[in-house]
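Source file: model-v3.txt. Holds: compact mmCIF, C-alpha atoms.
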# COMPACT_ATOMS: atom_id res chain seq x y z
CA MET J 1 136.40 98.29 107.74
CA ALA J 2 133.32 96.54 106.31
CA ASP J 3 132.73 96.38 102.55
CA SER J 4 131.12 99.38 100.91
CA MET J 5 127.31 99.25 100.78
CA ARG J 6 124.89 100.67 98.21
CA VAL J 7 122.45 102.79 100.19
CA ALA J 8 119.15 104.56 99.49
CA LEU J 9 118.28 107.55 101.68
CA ALA J 10 114.71 108.47 102.64
CA THR J 11 114.12 111.70 104.55
CA PHE J 12 112.25 115.01 104.47
CA GLY J 13 114.45 117.97 103.50
CA VAL J 14 117.53 119.27 101.73
CA GLN J 15 119.62 119.57 104.92
CA GLU J 16 118.62 116.10 106.07
CA PHE J 17 119.50 114.44 102.77
CA ALA J 18 122.83 116.26 102.72
CA ALA J 19 123.67 115.18 106.29
CA LEU J 20 122.81 111.52 105.69
CA HIS J 21 124.65 111.53 102.35
CA ALA J 22 127.81 112.98 103.91
CA ALA J 23 127.75 110.50 106.81
CA CYS J 24 127.39 107.54 104.46
CA ARG J 25 130.20 108.74 102.19
CA GLU J 26 132.52 109.43 105.12
CA ALA J 27 131.85 105.91 106.41
CA GLY J 28 132.81 104.45 103.02
CA HIS J 29 129.34 103.69 101.67
CA VAL J 30 127.65 104.85 98.45
CA PRO J 31 124.26 106.61 98.34
CA VAL J 32 122.61 105.66 95.04
CA ALA J 33 119.08 107.10 95.35
CA TYR J 34 117.06 109.58 97.39
CA VAL J 35 113.44 108.88 98.36
CA TYR J 36 111.11 111.73 99.29
CA CYS J 37 107.66 111.14 100.77
CA ARG J 38 105.50 113.46 98.68
CA SER J 39 102.30 112.96 100.71
CA MET J 40 101.30 112.33 104.31
CA LYS J 41 99.50 109.13 103.31
CA PRO J 42 100.10 106.68 100.46
CA ASN J 43 97.96 107.10 97.35
CA SER J 44 97.08 110.71 98.21
CA GLU J 45 97.88 114.02 96.55
CA PRO J 46 100.90 116.06 97.69
CA ASP J 47 100.28 119.35 99.43
CA ALA J 48 101.87 122.65 98.44
CA GLN J 49 104.69 122.32 100.97
CA ALA J 50 105.62 118.84 99.74
CA ALA J 51 105.67 120.06 96.15
CA ALA J 52 107.89 122.99 97.10
CA THR J 53 110.30 120.73 98.99
CA ALA J 54 110.49 118.36 96.03
CA GLY J 55 111.53 121.30 93.86
CA GLN J 56 114.24 122.28 96.33
CA LEU J 57 115.53 118.71 96.37
CA VAL J 58 115.78 118.63 92.58
CA GLU J 59 117.90 121.79 92.64
CA ALA J 60 120.18 120.37 95.38
CA LEU J 61 120.66 116.83 94.01
CA PRO J 62 124.27 115.67 93.69
CA PRO J 63 125.29 114.94 90.07
CA GLY J 64 123.94 111.60 88.89
CA MET J 65 121.71 111.07 91.93
CA ASP J 66 118.15 109.79 91.34
CA LEU J 67 115.22 111.24 93.29
CA LEU J 68 112.24 108.93 93.78
CA LEU J 69 108.81 110.45 94.51
CA PRO J 70 106.68 107.35 95.06
CA GLY J 71 102.90 107.48 95.10
CA SER J 72 102.48 104.18 96.94
CA PRO J 73 104.55 101.64 98.90
CA GLU J 74 104.08 99.16 96.06
CA GLY J 75 105.54 101.65 93.59
CA LEU J 76 108.43 102.34 95.94
CA ALA J 77 109.23 98.64 96.30
CA GLY J 78 109.27 98.22 92.54
CA ALA J 79 111.48 101.27 91.99
CA LEU J 80 114.01 100.29 94.66
CA ALA J 81 114.40 96.78 93.30
CA GLY J 82 116.46 98.04 90.37
CA TYR J 83 119.15 99.63 92.52
CA ARG J 84 120.64 96.40 93.97
CA LEU J 85 120.53 97.99 97.41
CA ASP J 86 122.36 96.75 100.45
CA LEU J 87 120.52 99.10 102.82
CA MET J 88 118.00 101.92 103.07
CA VAL J 89 118.38 104.62 105.74
CA VAL J 90 115.15 106.36 106.80
CA TYR J 91 114.76 109.56 108.82
CA GLY J 92 111.35 111.19 109.14
CA PHE J 93 109.51 109.31 106.39
CA ASN J 94 105.72 109.70 106.65
CA TRP J 95 104.61 106.23 105.61
CA LYS J 96 104.69 102.96 107.47
CA LEU J 97 106.81 100.74 105.22
CA PRO J 98 105.44 97.25 104.47
CA ALA J 99 107.42 94.04 104.12
CA SER J 100 107.53 94.51 100.35
CA VAL J 101 109.78 97.55 100.87
CA LEU J 102 111.67 96.36 103.95
CA GLY J 103 112.73 93.23 102.13
CA VAL J 104 114.25 94.93 99.07
CA PRO J 105 117.70 95.90 100.46
CA ARG J 106 120.01 92.98 101.26
CA TYR J 107 120.43 94.15 104.88
CA GLY J 108 116.97 95.65 105.30
CA VAL J 109 116.09 99.18 106.44
CA VAL J 110 117.32 101.22 109.40
CA ASN J 111 115.47 104.15 110.90
CA ILE J 112 116.76 107.27 112.67
CA HIS J 113 114.39 108.28 115.47
CA THR J 114 114.73 111.39 117.65
CA SER J 115 114.07 109.81 121.02
CA LEU J 116 115.67 107.27 123.31
CA LEU J 117 113.59 104.29 122.21
CA PRO J 118 111.46 102.63 123.40
CA ARG J 119 110.38 106.00 124.84
CA TYR J 120 108.29 108.09 122.43
CA ARG J 121 107.69 105.63 119.65
CA GLY J 122 105.63 107.21 116.89
CA PRO J 123 105.63 110.15 114.48
CA ALA J 124 106.05 113.08 116.91
CA PRO J 125 108.73 112.32 119.53
CA VAL J 126 110.17 115.83 119.76
CA LEU J 127 106.74 117.43 120.12
CA TRP J 128 105.87 115.13 122.99
CA ALA J 129 109.21 115.72 124.68
CA ILE J 130 108.55 119.47 124.62
CA ARG J 131 104.93 118.97 125.69
CA ASN J 132 106.05 116.91 128.68
CA GLY J 133 108.73 119.41 129.67
CA ASP J 134 111.67 117.07 129.06
CA PRO J 135 115.01 118.87 129.42
CA GLU J 136 116.60 116.89 126.58
CA ILE J 137 116.05 114.38 123.80
CA GLY J 138 118.14 111.65 122.24
CA VAL J 139 118.65 109.83 118.95
CA THR J 140 118.20 106.12 118.27
CA ILE J 141 119.10 104.21 115.11
CA HIS J 142 117.30 100.88 114.89
CA ARG J 143 116.43 98.17 112.44
CA MET J 144 113.01 98.79 110.95
CA ASP J 145 110.26 96.19 111.13
CA GLU J 146 106.58 96.34 110.16
CA ARG J 147 105.56 98.06 113.41
CA PHE J 148 106.32 101.63 114.47
CA ASP J 149 109.81 102.11 115.97
CA THR J 150 110.00 98.67 117.56
CA GLY J 151 113.01 97.10 115.81
CA PRO J 152 116.35 96.21 117.48
CA ILE J 153 118.61 99.13 118.40
CA LEU J 154 121.94 99.58 116.64
CA ALA J 155 123.11 102.89 118.19
CA GLN J 156 121.71 105.36 120.69
CA ARG J 157 122.67 108.52 122.55
CA GLY J 158 120.90 111.11 124.71
CA GLY J 159 121.91 114.48 126.08
CA ILE J 160 120.61 116.82 123.35
CA PRO J 161 119.17 119.81 125.26
CA LEU J 162 115.74 121.32 124.61
CA ASP J 163 116.12 124.99 125.43
CA GLU J 164 113.31 127.24 126.61
CA ASP J 165 112.61 128.71 123.16
CA VAL J 166 113.42 125.60 121.15
CA THR J 167 112.91 125.78 117.39
CA PRO J 168 113.83 123.41 114.57
CA GLN J 169 116.51 125.89 113.46
CA ARG J 170 118.13 125.82 116.91
CA LEU J 171 117.72 122.10 117.46
CA TRP J 172 118.99 120.75 114.12
CA PRO J 173 122.63 121.89 114.63
CA LEU J 174 122.62 119.90 117.89
CA VAL J 175 120.97 116.82 116.40
CA ARG J 176 122.98 116.66 113.16
CA PRO J 177 126.41 115.71 114.63
CA VAL J 178 124.79 113.06 116.85
CA ILE J 179 123.07 111.50 113.84
CA ARG J 180 126.36 111.57 111.94
CA GLU J 181 128.31 109.80 114.67
CA LEU J 182 125.60 107.25 115.42
CA LEU J 183 125.07 106.50 111.73
CA TRP J 184 128.74 105.57 111.39
CA VAL J 185 128.29 103.05 114.21
CA ALA J 186 125.02 101.71 112.84
CA LEU J 187 126.37 101.28 109.30
CA GLU J 188 129.35 99.34 110.60
CA ARG J 189 127.08 97.06 112.62
CA VAL J 190 124.72 96.50 109.70
CA ALA J 191 127.60 95.62 107.37
CA SER J 192 128.86 93.18 110.01
CA GLN J 193 125.34 91.67 110.22
CA ASP J 194 124.92 92.67 113.85
CA PRO J 195 121.24 92.01 114.71
CA GLY J 196 121.03 94.87 117.21
CA LEU J 197 119.67 94.96 120.76
CA PRO J 198 115.95 94.10 121.18
CA GLN J 199 113.84 96.82 122.76
CA ASP J 200 112.16 96.36 126.15
CA ASP J 201 108.46 96.91 125.47
CA THR J 202 107.73 97.43 129.17
CA ASP J 203 109.44 100.83 128.94
CA ALA J 204 107.66 101.91 125.74
CA SER J 205 105.56 105.05 125.35
CA TRP J 206 103.72 106.46 122.34
CA ALA J 207 104.22 109.86 120.66
CA GLY J 208 101.36 110.08 118.21
CA PHE J 209 99.97 113.06 116.36
CA ILE J 210 98.76 115.83 118.66
CA GLU J 211 95.02 115.65 119.34
CA PRO J 212 93.00 118.53 117.78
CA GLY J 213 91.57 119.65 121.12
CA PHE J 214 95.05 120.42 122.44
CA SER J 215 95.18 123.48 120.18
CA VAL J 216 92.89 125.28 122.67
CA VAL J 217 94.36 126.44 125.98
CA ASP J 218 92.54 125.20 129.08
CA TRP J 219 93.26 127.53 131.98
CA SER J 220 92.28 124.79 134.46
CA ARG J 221 95.60 123.10 133.69
CA SER J 222 98.78 123.96 135.55
CA ALA J 223 100.88 126.93 134.45
CA ARG J 224 103.77 124.63 133.55
CA GLU J 225 101.55 122.43 131.36
CA ILE J 226 100.22 125.46 129.49
CA HIS J 227 103.68 126.95 129.10
CA ASN J 228 104.93 123.71 127.55
CA GLN J 229 101.84 123.56 125.35
CA VAL J 230 102.74 126.98 123.95
CA ARG J 231 106.40 125.97 123.53
CA MET J 232 105.39 122.84 121.63
CA PHE J 233 103.21 124.72 119.15
CA ALA J 234 105.88 127.41 118.78
CA PHE J 235 108.27 124.66 117.69
CA MET J 236 105.77 123.78 114.95
CA GLY J 237 105.64 127.42 113.78
CA ARG J 238 103.73 130.62 114.45
CA ASP J 239 100.81 129.52 112.28
CA HIS J 240 100.16 126.66 114.72
CA ALA J 241 99.86 128.74 117.92
CA PRO J 242 97.17 127.51 120.35
CA VAL J 243 94.20 129.78 120.96
CA ALA J 244 92.91 130.90 124.35
CA ARG J 245 90.01 132.92 125.69
CA VAL J 246 91.27 135.78 127.82
CA GLY J 247 88.43 137.85 129.21
CA GLU J 248 86.08 138.53 126.30
CA GLN J 249 88.63 138.02 123.54
CA TRP J 250 90.32 135.10 121.81
CA LEU J 251 94.08 135.18 121.34
CA ALA J 252 96.63 133.07 119.50
CA VAL J 253 99.21 132.53 122.25
CA LEU J 254 102.69 132.75 120.73
CA ARG J 255 104.93 132.96 123.79
CA THR J 256 104.53 132.75 127.57
CA ARG J 257 106.64 132.97 130.70
CA LEU J 258 106.25 131.54 134.18
CA ARG J 259 107.94 134.33 136.10
CA PRO J 260 106.62 137.84 136.63
CA GLY J 261 107.44 140.28 133.87
CA ASP J 262 106.02 142.06 130.90
CA GLY J 263 102.88 140.59 129.41
CA LEU J 264 99.29 139.74 130.20
CA ARG J 265 98.88 137.86 133.49
CA VAL J 266 96.40 134.98 133.52
CA GLU J 267 95.57 132.67 136.41
CA CYS J 268 96.02 128.94 135.84
CA ALA J 269 95.08 126.04 138.11
CA ASP J 270 98.10 126.40 140.36
CA ALA J 271 99.86 129.67 139.51
CA PRO J 272 99.79 132.64 137.13
CA ILE J 273 101.29 132.70 133.67
CA TRP J 274 102.27 135.72 131.57
CA ILE J 275 101.37 135.91 127.88
CA VAL J 276 104.39 137.67 126.39
CA GLU J 277 103.35 137.57 122.74
CA SER J 278 99.96 136.99 121.14
CA ALA J 279 97.79 137.87 118.18
CA PRO J 280 94.02 138.24 117.71
CA ALA J 281 92.23 134.98 116.97
CA ILE J 282 88.73 133.76 116.25
CA GLU J 283 86.78 131.47 118.54
CA PRO J 284 87.40 127.83 117.57
CA ALA J 285 84.50 125.82 116.24
CA ALA J 286 82.82 123.50 118.70
CA PRO J 287 83.80 119.85 118.23
CA ARG J 288 81.26 117.76 116.35

Same coordinates, now as structure tokens:
Amino acid sequence: MADSMRVALATFGVQEFAALHAACREAGHVPVAYVYCRSMKPNSEPDAQAAATAGQLVEALPPGMDLLLPGSPEGLAGALAGYRLDLMVVYGFNWKLPASVLGVPRYGVVNIHTSLLPRYRGPAPVLWAIRNGDPEIGVTIHRMDERFDTGPILAQRGGIPLDEDVTPQRLWPLVRPVIRELLWVALERVASQDPGLPQDDTDASWAGFIEPGFSVVDWSRSAREIHNQVRMFAFMGRDHAPVARVGEQWLAVLRTRLRPGDGLRVECADAPIWIVESAPAIEPAAPR
């Protein structure tokens, strides 16, 4: 077994920190600091949800563990320097990390990404997998460089199903054990100074933030496209439901089905769709 490493963990929630912490400890390595991204962009104010999550993290911290809430990448680099890190493990961190941060740990930074890279590079791989109707997703752990999700791959596995009514609460129990097993492999390879397998850029695709216009249903699309659009926003939460004009009214479309059944039938480009659950909505503002 490789020598024990001092590791910093950077992720986005109590469950995620706990899962990464447990995997590192079980693999014989020592988490010494947690890093939480308190804002979507560097040098910006945290929103209410970020502040609430930070409070939850404080309550759940293991004894003696430090929690870093950096305001900028420069501040993060300076704070990490004092921990004599061998490695930082990142999962779902909002900021693009510059060389000043990537170069602090002795063995660099590894990132956990919920897709089979190079497919779905970017901040929203699961959303795009649902949007495109993919039956499953995967997990990749790769070395992090200064670009988005382009570094050499250390461990990878697919086969995590996306069910019809996929939610974060249903998906996380399927993703967590895969992350745990792959992280063991990746940590061993990092400690052994394995450079990883370079990605093939010819197979790359991008999973960026969802465009604002996609929050409005366009009935000229196919029924399957619209159904997956509704599924994707449902994964984000009921408050994010897309809106649609049905007759003379606007509805927030919460759930649909492609087969005949209860609900409001609407004709799409190629077939009907049934709105199973909806709520009143206001007409969206015209784009400027």

Residues of region 63-153 of chain J that approach region 187-196 of chain J to 9 Å or less, counting only C-alpha atoms: could you list each one with the shortest pair of atoms and its distance in Å to one decimal, rows by chain and increasing residue number, as a tab-separated table?
residue	atom	partner	partner_atom	distance
J:Asp86	CA	J:Ala191	CA	8.8
J:Leu87	CA	J:Val190	CA	8.5
J:Tyr107	CA	J:Val190	CA	6.9
J:Gly108	CA	J:Val190	CA	9.0
J:Val110	CA	J:Val190	CA	8.8
J:His142	CA	J:Gly196	CA	7.4
J:Arg143	CA	J:Gly196	CA	7.4
J:Gly151	CA	J:Gly196	CA	8.4
J:Pro152	CA	J:Gly196	CA	4.9
J:Ile153	CA	J:Gly196	CA	5.0

Around (109.2, 93.9, 108.5), as given in the file, which residues come within 6 Å? Count only C-alpha atoms and list them as a PyMOL selection string. chain J and resi 99+102+145-146

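Near Arg259 (chain J), within 9 Å and counting all atoms listed in the file, sit Pro272, Ile273 and Trp274 of chain J; same-chain residues fewer than 6 positions away were not included.
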
Using only C-alpha atoms, collect all residues at a distance of at most 12 Å from (99.9, 114.5, 100.8) as written in the file, then present them as a PyMOL selection string. chain J and resi 36-51+69-72+94-95

What would the file look like if the residues just selected were written as an mmCIF file, keeping the file's coordinate frame with C-alpha atoms?
data_model
loop_
_atom_site.group_PDB
_atom_site.id
_atom_site.type_symbol
_atom_site.label_atom_id
_atom_site.label_comp_id
_atom_site.auth_asym_id
_atom_site.auth_seq_id
_atom_site.Cartn_x
_atom_site.Cartn_y
_atom_site.Cartn_z
ATOM 1 C CA TYR J 36 111.110 111.730 99.290
ATOM 2 C CA CYS J 37 107.660 111.140 100.770
ATOM 3 C CA ARG J 38 105.500 113.460 98.680
ATOM 4 C CA SER J 39 102.300 112.960 100.710
ATOM 5 C CA MET J 40 101.300 112.330 104.310
ATOM 6 C CA LYS J 41 99.500 109.130 103.310
ATOM 7 C CA PRO J 42 100.100 106.680 100.460
ATOM 8 C CA ASN J 43 97.960 107.100 97.350
ATOM 9 C CA SER J 44 97.080 110.710 98.210
ATOM 10 C CA GLU J 45 97.880 114.020 96.550
ATOM 11 C CA PRO J 46 100.900 116.060 97.690
ATOM 12 C CA ASP J 47 100.280 119.350 99.430
ATOM 13 C CA ALA J 48 101.870 122.650 98.440
ATOM 14 C CA GLN J 49 104.690 122.320 100.970
ATOM 15 C CA ALA J 50 105.620 118.840 99.740
ATOM 16 C CA ALA J 51 105.670 120.060 96.150
ATOM 17 C CA LEU J 69 108.810 110.450 94.510
ATOM 18 C CA PRO J 70 106.680 107.350 95.060
ATOM 19 C CA GLY J 71 102.900 107.480 95.100
ATOM 20 C CA SER J 72 102.480 104.180 96.940
ATOM 21 C CA ASN J 94 105.720 109.700 106.650
ATOM 22 C CA TRP J 95 104.610 106.230 105.610
#

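Restricting the calculation to all atoms listed in the file, the smallest distance between Ile179 (chain J) and any of J:Val109, J:Met65, J:Ala286, J:Thr140 is found for J:Thr140.
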
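The coordinates place CA of Trp128 (chain J) at 25.7 Å from CA of Pro98 (chain J).
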
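The spacing separating CA of Val101 (chain J) from CA of Leu80 (chain J) amounts to 8.0 Å.
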
Interatomic distance between CA of Ala23 (chain J) and CA of Gly237 (chain J)? 28.7 Å

With a distance cut-off of 12 Å and only C-alpha atoms, select the neighbouring residues of region 250-258 of chain J, excluding the residue or stretch itself and same-chain residues fewer than 3 positions from it, and output the selection as JSON, numbers by chain. {"J": [164, 165, 166, 215, 216, 217, 222, 223, 224, 225, 226, 227, 228, 229, 230, 231, 232, 233, 234, 235, 236, 237, 238, 239, 240, 241, 242, 243, 244, 245, 246, 247, 261, 262, 263, 264, 265, 266, 267, 268, 270, 271, 272, 273, 274, 275, 276, 277, 278, 279, 280, 281, 282, 283, 284]}

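Residue nearest Arg147 (chain J), chosen from J:Ile112, J:Leu97, J:Leu85, J:Val185 and counting all atoms listed in the file: J:Leu97.
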
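Between Ile160 (chain J) and the residues J:Gly138, J:Pro105, J:Pro177, J:Gly92, the shortest atom-to-atom distance, using all atoms listed in the file, involves J:Gly138.
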
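Shortest separation to Pro73 (chain J) among J:Ser100, J:Thr53, J:Asn132, J:Ser220 occurs at residue J:Ser100, atoms counted being all atoms listed in the file.
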
Between J:Gly122, J:Gly13, J:Pro31, J:Pro161, which has the minimum distance to Trp206 (chain J) (counting only C-alpha atoms)? J:Gly122

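Distance check against Ala18 (chain J) using all atoms listed in the file: of J:Asn111, J:Asp134, J:Arg176, J:Ala186, the minimum falls on J:Arg176.
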
Residue contacts of region 24-29 of chain J (8 Å, all atoms listed in the file) excluding same-chain residues fewer than 4 positions away, as a PyMOL selection string: chain J and resi 4-7+20+183-184+187

If I wrap all listed atoms of region 247-262 of chain J in a box with edges along x, y and z and add 8 Å on each side, what are its centre and edge lengths in Å to one decimal, as AutoDock Vina command-line options?
--center_x 97.0 --center_y 136.8 --center_z 128.1 --size_x 37.9 --size_y 26.5 --size_z 33.1

Residue contacts of Thr202 (chain J) (10 Å, all atoms listed in the file) excluding same-chain residues fewer than 2 positions away, as a PyMOL selection string: chain J and resi 118-119+199-200+204-205
